[in-house]
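One file, run-v7.csv, is given below (CSV, C-alpha atoms and all ligand atoms).
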```csv
chain,number,residue,atom,x,y,z
Z,209,MET,CA,8.8,14.7,3.0
Z,210,ILE,CA,12.2,16.3,2.4
Z,211,SER,CA,13.7,16.9,-1.0
Z,212,ASP,CA,17.3,17.2,-2.1
Z,213,ALA,CA,19.1,20.1,-3.9
Z,214,LEU,CA,17.7,18.8,-7.2
Z,215,ASP,CA,14.1,18.5,-5.8
Z,216,ARG,CA,14.2,14.8,-5.5
Z,217,PRO,CA,12.3,13.4,-2.5
Z,218,LEU,CA,13.7,10.8,-0.1
Z,219,ARG,CA,11.5,7.8,-0.7
Z,220,ASN,CA,13.3,4.6,-1.5
Z,221,LEU,CA,15.7,2.9,0.9
Z,222,ARG,CA,17.8,-0.1,-0.2
Z,223,LEU,CA,18.8,-1.9,3.0
Z,224,SER,CA,21.8,-4.2,2.6
Z,225,VAL,CA,21.7,-6.8,5.3
Z,226,THR,CA,25.0,-8.5,4.4
Z,227,ASP,CA,28.0,-8.0,2.1
Z,228,ARG,CA,28.4,-11.7,1.7
Z,229,CYS,CA,27.2,-13.6,-1.4
Z,230,ASN,CA,27.1,-17.3,-2.3
Z,231,LEU,CA,27.8,-16.5,-6.0
Z,232,ARG,CA,30.8,-14.9,-7.6
Z,233,CYS,CA,29.3,-13.2,-10.6
Z,234,GLU,CA,31.9,-11.9,-13.1
Z,235,TYR,CA,30.5,-8.4,-13.2
Z,236,CYS,CA,30.0,-8.0,-9.4
Z,237,MET,CA,32.4,-10.1,-7.4
Z,238,PRO,CA,35.0,-11.3,-9.9
Z,239,GLU,CA,37.7,-11.9,-7.3
Z,240,ASP,CA,38.1,-15.1,-5.3
Z,241,ASP,CA,38.3,-13.3,-2.0
Z,242,TYR,CA,37.3,-10.0,-0.6
Z,243,GLN,CA,37.9,-7.7,2.3
Z,244,TRP,CA,34.6,-8.4,4.2
Z,245,LEU,CA,32.9,-6.0,6.6
Z,246,PRO,CA,34.0,-6.9,10.2
Z,247,ARG,CA,31.3,-9.0,11.8
Z,248,GLU,CA,31.1,-6.7,14.8
Z,249,ASP,CA,30.4,-3.8,12.6
Z,250,LEU,CA,27.2,-5.3,11.2
Z,251,LEU,CA,24.1,-3.5,12.4
Z,252,HIS,CA,21.9,-5.6,14.7
Z,253,PHE,CA,18.3,-5.9,13.7
Z,254,GLU,CA,17.3,-3.4,16.5
Z,255,GLU,CA,19.7,-0.9,15.1
Z,256,ILE,CA,18.4,-1.3,11.6
Z,257,SER,CA,14.9,-1.0,12.9
Z,258,SER,CA,15.6,2.3,14.7
Z,259,LEU,CA,17.4,3.7,11.6
Z,260,VAL,CA,14.4,2.7,9.5
Z,261,ASP,CA,12.1,4.6,11.9
Z,262,LEU,CA,14.2,7.7,11.3
Z,263,PHE,CA,14.2,7.3,7.6
Z,264,VAL,CA,10.4,6.7,7.5
Z,265,ALA,CA,9.9,9.8,9.6
Z,266,GLU,CA,11.7,11.8,6.8
Z,267,GLY,CA,9.6,10.4,4.0
Z,268,VAL,CA,10.9,6.9,3.1
Z,269,ASP,CA,8.0,4.6,2.4
Z,270,ARG,CA,9.6,2.0,0.1
Z,271,ILE,CA,12.2,-0.4,1.4
Z,272,ARG,CA,14.1,-3.1,-0.4
Z,273,LEU,CA,16.3,-5.6,1.3
Z,274,THR,CA,19.5,-6.4,-0.6
Z,275,GLY,CA,23.0,-7.7,0.0
Z,276,GLY,CA,25.3,-9.3,-1.0
Z,277,GLU,CA,22.8,-12.1,-0.9
Z,278,PRO,CA,20.2,-11.1,1.7
Z,279,LEU,CA,19.1,-14.7,2.4
Z,280,LEU,CA,22.5,-15.4,3.9
Z,281,ARG,CA,21.6,-13.2,6.8
Z,282,ARG,CA,20.4,-15.3,9.7
Z,283,ASP,CA,16.9,-14.9,10.9
Z,284,LEU,CA,16.0,-12.5,8.0
Z,285,PRO,CA,12.2,-13.1,8.5
Z,286,LYS,CA,12.6,-11.6,11.9
Z,287,LEU,CA,14.0,-8.3,10.4
Z,288,MET,CA,11.4,-8.5,7.7
Z,289,ALA,CA,8.6,-8.6,10.3
Z,290,MET,CA,10.1,-5.7,12.2
Z,291,VAL,CA,10.2,-3.5,9.1
Z,292,ALA,CA,6.8,-4.6,7.8
Z,293,ALA,CA,5.2,-3.6,11.1
Z,294,LYS,CA,6.1,0.0,10.6
Z,295,PRO,CA,3.0,2.0,9.6
Z,296,GLY,CA,4.9,4.3,7.2
Z,297,VAL,CA,6.3,1.5,5.1
Z,298,ASN,CA,4.0,1.1,2.1
Z,299,ASP,CA,6.2,-1.2,0.0
Z,300,LEU,CA,8.6,-3.9,1.2
Z,301,ALA,CA,10.6,-5.8,-1.4
Z,302,MET,CA,13.7,-7.9,-1.7
Z,303,THR,CA,16.3,-8.7,-4.3
Z,304,THR,CA,17.9,-12.2,-4.2
Z,305,ASN,CA,19.8,-14.6,-6.4
Z,306,GLY,CA,17.2,-17.2,-5.6
Z,307,ILE,CA,19.4,-20.0,-4.4
Z,308,LEU,CA,18.1,-20.1,-0.8
Z,309,LEU,CA,14.6,-18.8,-1.7
Z,310,ALA,CA,12.5,-21.9,-1.9
Z,311,ASP,CA,13.4,-22.7,1.7
Z,312,GLN,CA,12.7,-19.3,3.1
Z,313,ILE,CA,10.0,-17.8,1.0
Z,314,ASP,CA,7.0,-18.8,3.1
Z,315,ALA,CA,8.5,-17.4,6.2
Z,316,LEU,CA,9.4,-14.2,4.4
Z,317,ALA,CA,5.9,-13.8,3.0
Z,318,ALA,CA,4.4,-14.5,6.4
Z,319,ALA,CA,6.7,-11.8,7.9
Z,320,GLY,CA,5.4,-9.2,5.4
Z,321,LEU,CA,7.5,-9.3,2.3
Z,322,ARG,CA,5.3,-8.0,-0.5
Z,323,ARG,CA,7.3,-8.2,-3.7
Z,324,ILE,CA,10.3,-10.1,-4.9
Z,325,THR,CA,13.0,-9.7,-7.6
Z,326,VAL,CA,15.2,-12.7,-8.5
Z,327,SER,CA,18.4,-12.0,-10.4
Z,328,LEU,CA,19.1,-14.4,-13.2
Z,329,ASP,CA,21.4,-13.7,-16.2
Z,330,THR,CA,21.3,-17.0,-18.1
Z,331,LEU,CA,19.2,-20.1,-18.4
Z,332,ARG,CA,22.2,-22.2,-19.6
Z,333,ALA,CA,23.9,-24.4,-17.0
Z,334,ASP,CA,27.3,-24.1,-18.5
Z,335,ARG,CA,27.0,-20.3,-18.9
Z,336,PHE,CA,25.6,-20.0,-15.3
Z,337,LYS,CA,28.6,-21.8,-14.0
Z,338,ALA,CA,31.0,-19.6,-16.0
Z,339,LEU,CA,29.3,-16.4,-15.0
Z,340,THR,CA,28.7,-17.2,-11.3
Z,341,ARG,CA,31.2,-19.9,-10.5
Z,342,SER,CA,28.4,-22.0,-9.1
Z,343,ASP,CA,26.4,-25.0,-10.0
Z,344,GLU,CA,23.3,-23.8,-8.2
Z,345,LEU,CA,21.1,-23.1,-11.3
Z,346,PRO,CA,18.6,-25.9,-10.4
Z,347,ARG,CA,18.1,-24.3,-6.9
Z,348,VAL,CA,17.5,-20.9,-8.6
Z,349,HIS,CA,14.8,-22.6,-10.7
Z,350,GLU,CA,13.3,-24.0,-7.5
Z,351,GLY,CA,13.3,-20.5,-6.1
Z,352,MET,CA,11.6,-19.1,-9.2
Z,353,GLN,CA,8.8,-21.8,-8.9
Z,354,ALA,CA,8.4,-20.8,-5.2
Z,355,ALA,CA,8.1,-17.1,-6.2
Z,356,LYS,CA,5.6,-18.0,-8.8
Z,357,ARG,CA,3.5,-19.7,-6.1
Z,358,VAL,CA,3.9,-17.1,-3.4
Z,359,PHE,CA,4.1,-13.8,-5.2
Z,360,PRO,CA,1.9,-14.0,-8.4
Z,361,GLY,CA,1.9,-10.6,-10.1
Z,362,ARG,CA,4.5,-9.3,-7.6
Z,363,PHE,CA,7.5,-11.1,-9.0
Z,364,LYS,CA,10.3,-9.7,-11.3
Z,365,ILE,CA,13.4,-11.2,-12.8
Z,366,ASP,CA,16.5,-8.9,-13.2
Z,367,THR,CA,19.0,-9.8,-15.9
Z,368,VAL,CA,22.2,-7.9,-16.4
Z,369,VAL,CA,22.8,-8.0,-20.2
Z,370,ILE,CA,26.4,-8.3,-21.3
Z,371,LYS,CA,27.2,-8.1,-24.9
Z,372,GLY,CA,28.9,-11.3,-26.2
Z,373,VAL,CA,28.0,-13.1,-23.0
Z,374,ASN,CA,24.2,-13.5,-22.7
Z,375,ASP,CA,22.7,-11.1,-25.3
Z,376,ASP,CA,21.5,-14.1,-27.3
Z,377,GLU,CA,19.2,-15.2,-24.5
Z,378,LEU,CA,16.9,-12.2,-24.2
Z,379,ALA,CA,13.9,-13.9,-25.9
Z,380,ASP,CA,14.5,-17.1,-23.9
Z,381,LEU,CA,14.5,-15.1,-20.7
Z,382,ILE,CA,11.2,-13.4,-21.7
Z,383,GLU,CA,9.7,-16.8,-22.4
Z,384,TYR,CA,11.0,-18.1,-19.1
Z,385,GLY,CA,9.5,-15.1,-17.3
Z,386,LYS,CA,6.2,-15.9,-18.9
Z,387,SER,CA,6.4,-19.5,-17.7
Z,388,VAL,CA,6.9,-18.5,-14.1
Z,389,GLY,CA,4.7,-15.4,-14.2
Z,390,ALA,CA,7.5,-12.9,-13.7
Z,391,GLU,CA,8.1,-9.6,-15.5
Z,392,VAL,CA,11.7,-9.6,-16.8
Z,393,ARG,CA,13.8,-6.5,-16.6
Z,394,PHE,CA,17.0,-6.2,-18.6
Z,395,ILE,CA,19.7,-4.1,-17.0
Z,396,GLU,CA,22.4,-2.4,-19.0
Z,397,TYR,CA,25.9,-3.4,-17.9
Z,398,MET,CA,27.2,-0.7,-15.5
Z,399,ASP,CA,30.7,0.4,-14.6
Z,400,VAL,CA,30.2,0.2,-10.8
Z,401,GLY,CA,32.3,-1.1,-8.0
Z,402,GLY,CA,33.4,-4.7,-8.6
Z,403,ALA,CA,32.7,-4.5,-12.3
Z,404,THR,CA,36.4,-4.4,-12.9
Z,405,LYS,CA,36.1,-6.0,-16.3
Z,406,TRP,CA,33.5,-3.5,-17.5
Z,407,SER,CA,34.1,-1.9,-20.9
Z,408,TRP,CA,31.8,-0.1,-23.3
Z,409,ASP,CA,32.3,-3.0,-25.7
Z,410,HIS,CA,30.2,-5.2,-23.4
Z,411,VAL,CA,27.3,-2.8,-23.1
Z,412,LEU,CA,24.1,-3.7,-25.0
Z,413,SER,CA,22.1,-0.5,-25.0
Z,414,ARG,CA,18.4,0.0,-24.4
Z,415,ALA,CA,18.0,0.7,-28.1
Z,416,GLU,CA,19.8,-2.5,-29.1
Z,417,ILE,CA,17.7,-4.5,-26.6
Z,418,VAL,CA,14.5,-3.1,-28.1
Z,419,ALA,CA,15.8,-3.8,-31.6
Z,420,LEU,CA,16.7,-7.4,-30.8
Z,421,LEU,CA,13.3,-8.1,-29.2
Z,422,SER,CA,11.4,-6.4,-32.1
Z,423,LYS,CA,13.1,-8.6,-34.5
Z,424,ARG,CA,11.9,-11.6,-32.7
Z,425,TYR,CA,8.4,-10.6,-31.5
Z,426,GLY,CA,7.4,-7.7,-33.8
Z,427,ALA,CA,6.5,-4.2,-32.6
Z,428,VAL,CA,7.7,-3.4,-29.1
Z,429,THR,CA,5.5,-0.6,-27.6
Z,430,PRO,CA,6.8,1.7,-24.8
Z,431,ILE,CA,4.4,2.0,-21.9
Z,432,VAL,CA,4.0,5.6,-20.8
Z,433,GLU,CA,4.2,5.9,-17.0
Z,434,HIS,CA,5.2,8.6,-14.5
Z,435,SER,CA,7.1,6.9,-11.8
Z,436,SER,CA,10.5,7.0,-10.1
Z,437,ALA,CA,11.0,3.3,-10.9
Z,438,PRO,CA,14.3,2.8,-12.7
Z,439,ALA,CA,12.9,0.5,-15.4
Z,440,ASP,CA,11.2,1.8,-18.6
Z,441,ARG,CA,8.5,-0.7,-19.5
Z,442,TYR,CA,7.5,-2.1,-22.8
Z,443,ARG,CA,4.8,-4.3,-24.2
Z,444,LEU,CA,5.2,-7.1,-26.8
Z,445,PRO,CA,2.4,-7.8,-29.4
Z,446,ASP,CA,1.1,-10.7,-27.2
Z,447,GLY,CA,0.7,-8.4,-24.2
Z,448,THR,CA,3.8,-9.5,-22.3
Z,449,VAL,CA,5.4,-6.6,-20.4
Z,450,PHE,CA,9.1,-6.3,-19.8
Z,451,GLY,CA,11.4,-3.6,-18.5
Z,452,ILE,CA,14.8,-2.1,-19.4
Z,453,ILE,CA,17.0,-0.3,-16.8
Z,454,SER,CA,19.2,1.8,-19.0
Z,455,SER,CA,21.5,3.1,-16.2
Z,456,THR,CA,24.5,3.3,-18.6
Z,457,THR,CA,23.2,4.9,-21.8
Z,458,GLN,CA,20.1,6.8,-20.5
Z,459,PRO,CA,20.5,7.3,-16.7
Z,460,PHE,CA,17.6,8.4,-14.7
Z,461,CYS,CA,19.3,10.4,-12.0
Z,462,SER,CA,16.9,13.3,-12.4
Z,463,ARG,CA,14.2,11.3,-10.8
Z,464,CYS,CA,16.3,9.2,-8.4
Z,465,ASP,CA,14.7,9.1,-4.9
Z,466,ARG,CA,16.8,6.1,-3.6
Z,467,SER,CA,19.6,5.8,-1.2
Z,468,ARG,CA,21.5,2.8,0.3
Z,469,LEU,CA,22.3,1.8,3.8
Z,470,THR,CA,25.1,-0.8,4.0
Z,471,ALA,CA,25.0,-3.7,6.4
Z,472,ASP,CA,27.4,-1.8,8.7
Z,473,GLY,CA,25.4,1.4,8.7
Z,474,MET,CA,27.0,3.6,6.1
Z,475,TRP,CA,24.4,5.6,4.2
Z,476,TYR,CA,25.2,6.3,0.6
Z,477,LEU,CA,23.2,8.9,-1.3
Z,478,CYS,CA,24.2,7.7,-4.7
Z,479,LEU,CA,25.5,4.4,-6.1
Z,480,TYR,CA,28.6,6.2,-7.3
Z,481,ALA,CA,29.2,8.3,-4.2
Z,482,ALA,CA,32.8,8.1,-3.0
Z,483,THR,CA,31.8,8.5,0.7
Z,484,GLY,CA,28.8,7.9,2.9
Z,485,LEU,CA,27.4,9.0,6.2
Z,486,ASP,CA,28.5,6.7,9.1
Z,487,LEU,CA,25.2,6.2,10.9
Z,488,ARG,CA,26.5,3.2,12.8
Z,489,ALA,CA,29.1,5.4,14.5
Z,490,ALA,CA,26.4,7.9,15.3
Z,491,LEU,CA,24.1,5.2,16.8
Z,492,ARG,CA,26.8,3.4,18.8
Z,493,GLY,CA,28.4,6.7,19.8
Z,494,GLY,CA,25.3,7.7,21.7
Z,495,VAL,CA,24.1,10.4,19.3
Z,496,ASN,CA,20.4,10.8,20.0
Z,497,SER,CA,17.6,10.1,17.5
Z,498,ASP,CA,16.8,13.8,16.9
Z,499,GLN,CA,20.4,14.5,16.1
Z,500,ILE,CA,20.7,11.5,13.7
Z,501,ALA,CA,17.4,12.6,12.1
Z,502,ALA,CA,19.0,16.0,11.6
Z,503,MET,CA,22.1,14.4,10.0
Z,504,ILE,CA,19.9,12.5,7.6
Z,505,ARG,CA,17.8,15.6,6.7
Z,506,GLY,CA,20.9,17.7,6.3
Z,507,ALA,CA,22.7,15.2,4.1
Z,508,TRP,CA,19.6,14.6,1.9
Z,509,MET,CA,18.8,18.3,1.5
Z,510,ALA,CA,22.3,19.0,0.3
Z,511,ARG,CA,22.3,16.0,-2.1
Z,512,ASP,CA,23.1,16.9,-5.7
Z,513,ASP,CA,24.5,13.5,-6.9
Z,514,ARG,CA,24.0,12.5,-10.5
Z,515,GLY,CA,26.6,9.7,-10.6
Z,516,ALA,CA,25.4,7.8,-13.7
Z,517,GLU,CA,24.8,11.0,-15.7
Z,518,GLN,CA,28.3,12.3,-14.8
Z,519,ARG,CA,29.8,8.9,-15.8
Z,520,LEU,CA,28.0,9.1,-19.1
Z,521,ALA,CA,29.2,12.7,-19.7
Z,522,LEU,CA,32.8,11.4,-19.4
Z,523,GLY,CA,32.6,9.8,-22.8
Z,524,GLU,CA,35.4,7.2,-22.9
Z,525,ARG,CA,35.4,5.6,-19.5
Z,526,ARG,CA,36.7,2.6,-17.5
Z,527,ALA,CA,35.5,0.6,-14.5
Z,528,PHE,CA,34.6,3.1,-11.8
Z,529,VAL,CA,37.0,2.0,-9.1
Z,530,PRO,CA,40.4,0.5,-9.8
Z,531,ILE,CA,40.9,-3.0,-8.4
Z,532,LYS,CA,43.6,-1.9,-5.9
Z,533,ALA,CA,41.3,0.7,-4.3
Z,534,LEU,CA,38.5,-1.9,-4.2
Z,535,LYS,CA,40.6,-4.3,-2.3
Z,536,LYS,CA,41.4,-1.7,0.4
Z,537,ASP,CA,37.9,-0.5,1.0
Z,538,PRO,CA,34.9,-2.8,0.9
Z,539,HIS,CA,32.5,0.1,0.9
Z,540,LEU,CA,33.5,0.8,-2.7
Z,541,GLU,CA,32.1,-2.5,-3.8
Z,542,MET,CA,28.7,-2.8,-5.4
Z,543,HIS,CA,28.0,-6.0,-3.3
Z,544,THR,CA,28.5,-3.9,-0.2
Z,545,ARG,CA,26.3,-1.1,-1.3
Z,546,GLY,CA,23.5,-3.3,-2.3
Z,547,GLY,CA,23.7,-2.9,-6.1
U,601,LIG,S1,23.7,7.2,-10.3
U,601,LIG,FE1,23.2,8.0,-8.2
U,601,LIG,S2,21.7,9.7,-8.6
U,601,LIG,FE2,21.9,8.5,-10.5
U,601,LIG,S3,20.2,7.0,-10.4
U,601,LIG,FE3,22.0,6.0,-9.6
U,601,LIG,S4,21.9,6.3,-7.4
U,601,LIG,FE4,20.5,7.8,-8.3
```
Could you show the structure in this file as structure tokens?
Amino acid sequence: MISDALDRPLRNLRLSVTDRCNLRCEYCMPEDDYQWLPREDLLHFEEISSLVDLFVAEGVDRIRLTGGEPLLRRDLPKLMAMVAAKPGVNDLAMTTNGILLADQIDALAAAGLRRITVSLDTLRADRFKALTRSDELPRVHEGMQAAKRVFPGRFKIDTVVIKGVNDDELADLIEYGKSVGAEVRFIEYMDVGGATKWSWDHVLSRAEIVALLSKRYGAVTPIVEHSSAPADRYRLPDGTVFGIISSTTQPFCSRCDRSRLTADGMWYLCLYAATGLDLRAALRGGVNSDQIAAMIRGAWMARDDRGAEQRLALGERRAFVPIKALKKDPHLEMHTRGG
């Protein structure tokens, strides 16, 4: 296994399979239209599979399929099966908004998907519509029920918490999580990519989340764990476990072992990295596998990214990428990088 310049191993790969999404969440894709990745640039499944082989050979053993919305990619179970069949892959997960999940979950599980995370920021229909510009909340609930049936104990709900928007629903979401057998993880609002409306005023910190939930449930106990997982986990007095991903106020860059491959084959070593490594160009340009493996090794070993920590150190800050720049380069968007 290789390590980067800050002694962090290369283990987690987030594999974005499309930059398209069927929602338009305010904090991720607030615009009506986007500059999409050209269709011909999207990696074919065989290309993704050969890159995954190279990553696995360098130490990656955990893979998460992301988007955009990954379920929009046609024949996704086929790719899932190709990745699941690789002996070095110990964990295969997916993050989805849940709208298309009920229809596809059985095929995905049969293909080898082991864990699932469904994003849901609100339980209120009117709020869901305002936040996502979609009426599909009932289908998300169907997806949640399907996940409850197919992935008991291996199912999480991710909620981006935005002060003044959904911070009055934390307990409701915990109760909802209990009802579908999912562990809820609250994510601090981050100033990444398409979050052009981000401001500190809308960040509810980990400390504030814990305080809010303590008020409602009583003592919230931190669970001591040594893992590279982004969420810190807590237990409520009734035993319910939930997580907080405090990427904004208490970043976890020092233990970050994850990188991101976009649907068109750009490899980003940090969510905040300005540039990535063009593995599609290498693959299609006839560079052989050994050379691509050497590119991957060289880039990771030189990696010293600490994007979220550096953003925090800035103090007063704005959205990471100005809207004009976002419009010119889809790779700067969080939905292209897989969040
Ligand atoms: S900001 Fe970059 S280095 Fe820090 S946790 Fe996120 S991806 Fe990892």
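If all atoms listed in the file are the atoms counted, then among Z:Thr470, Z:Thr367, Z:Thr448, Z:Thr544 the closest residue to Z:Leu251 is Z:Thr470.
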* **Who sits within 8 Å of stretch 348-358 of chain Z, all atoms listed in the file, same chain under 4 positions skipped, as a ChimeraX atom specification** => /Z:305-310,313-314,317,324,326,344,363,388-390
Expected file contents, prior selection, C-alpha atoms, as an mmCIF file, keeping the file's coordinate frame:
```cif
data_model
loop_
_atom_site.group_PDB
_atom_site.id
_atom_site.type_symbol
_atom_site.label_atom_id
_atom_site.label_comp_id
_atom_site.auth_asym_id
_atom_site.auth_seq_id
_atom_site.Cartn_x
_atom_site.Cartn_y
_atom_site.Cartn_z
ATOM 1 C CA ASN Z 305 19.800 -14.600 -6.400
ATOM 2 C CA GLY Z 306 17.200 -17.200 -5.600
ATOM 3 C CA ILE Z 307 19.400 -20.000 -4.400
ATOM 4 C CA LEU Z 308 18.100 -20.100 -0.800
ATOM 5 C CA LEU Z 309 14.600 -18.800 -1.700
ATOM 6 C CA ALA Z 310 12.500 -21.900 -1.900
ATOM 7 C CA ILE Z 313 10.000 -17.800 1.000
ATOM 8 C CA ASP Z 314 7.000 -18.800 3.100
ATOM 9 C CA ALA Z 317 5.900 -13.800 3.000
ATOM 10 C CA ILE Z 324 10.300 -10.100 -4.900
ATOM 11 C CA VAL Z 326 15.200 -12.700 -8.500
ATOM 12 C CA GLU Z 344 23.300 -23.800 -8.200
ATOM 13 C CA PHE Z 363 7.500 -11.100 -9.000
ATOM 14 C CA VAL Z 388 6.900 -18.500 -14.100
ATOM 15 C CA GLY Z 389 4.700 -15.400 -14.200
ATOM 16 C CA ALA Z 390 7.500 -12.900 -13.700
#
```
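Ranking Z:Pro217, Z:Gly523, Z:Gly276, Z:Gly506 by their shortest atom-to-atom distance to Z:Met237, with all atoms listed in the file included, puts Z:Gly276 first.
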Find the residues of chain Z that sit at most 7 Å from ligand LIG 601 (chain U); for each, write down the nearest two atoms and how far apart they are in Å, to one decimal. Count all atoms listed in the file. Sort by chain, then by number going up, and give it as a Markdown table.
```
| residue | atom | partner | partner_atom | distance |
| --- | --- | --- | --- | --- |
| Z:Pro459 | CA | U:LIG601 | S3 | 6.3 |
| Z:Phe460 | CA | U:LIG601 | S3 | 5.2 |
| Z:Cys461 | CA | U:LIG601 | FE2 | 3.6 |
| Z:Cys464 | CA | U:LIG601 | FE4 | 4.4 |
| Z:Asp465 | CA | U:LIG601 | FE4 | 6.8 |
| Z:Arg466 | CA | U:LIG601 | FE4 | 6.2 |
| Z:Ser467 | CA | U:LIG601 | S4 | 6.6 |
| Z:Leu477 | CA | U:LIG601 | S4 | 6.8 |
| Z:Cys478 | CA | U:LIG601 | FE1 | 3.7 |
| Z:Leu479 | CA | U:LIG601 | S4 | 4.3 |
| Z:Tyr480 | CA | U:LIG601 | FE1 | 5.8 |
| Z:Asp513 | CA | U:LIG601 | S2 | 5.0 |
| Z:Arg514 | CA | U:LIG601 | S2 | 4.1 |
| Z:Gly515 | CA | U:LIG601 | S1 | 3.8 |
| Z:Ala516 | CA | U:LIG601 | S1 | 3.8 |
| Z:Glu517 | CA | U:LIG601 | FE2 | 6.5 |
```
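Between atom CA of Z:Ala481 and atom CA of Z:Leu214 there is a distance of 15.9 Å.
Using all atoms listed in the file for every distance, the candidate list Z:Leu279, Z:Ala533, Z:Ala437, Z:Leu378 yields Z:Leu378 as the residue closest to Z:Ser422.
Taking atom CA of Z:Trp406 and atom CA of Z:Leu345 as the two end points, the separation is 24.0 Å.
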* To do: Measuring atom to atom with all atoms listed in the file, identify which of Z:Glu391, Z:Asp212, Z:Asp446, Z:Asp227 is nearest to Z:Met542.
  => Z:Asp227
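Using only C-alpha atoms, the shortest contact distance between Z:Ala338 and any of Z:Glu248, Z:Asp380, Z:Glu234, Z:Glu277 is found at Z:Glu234.
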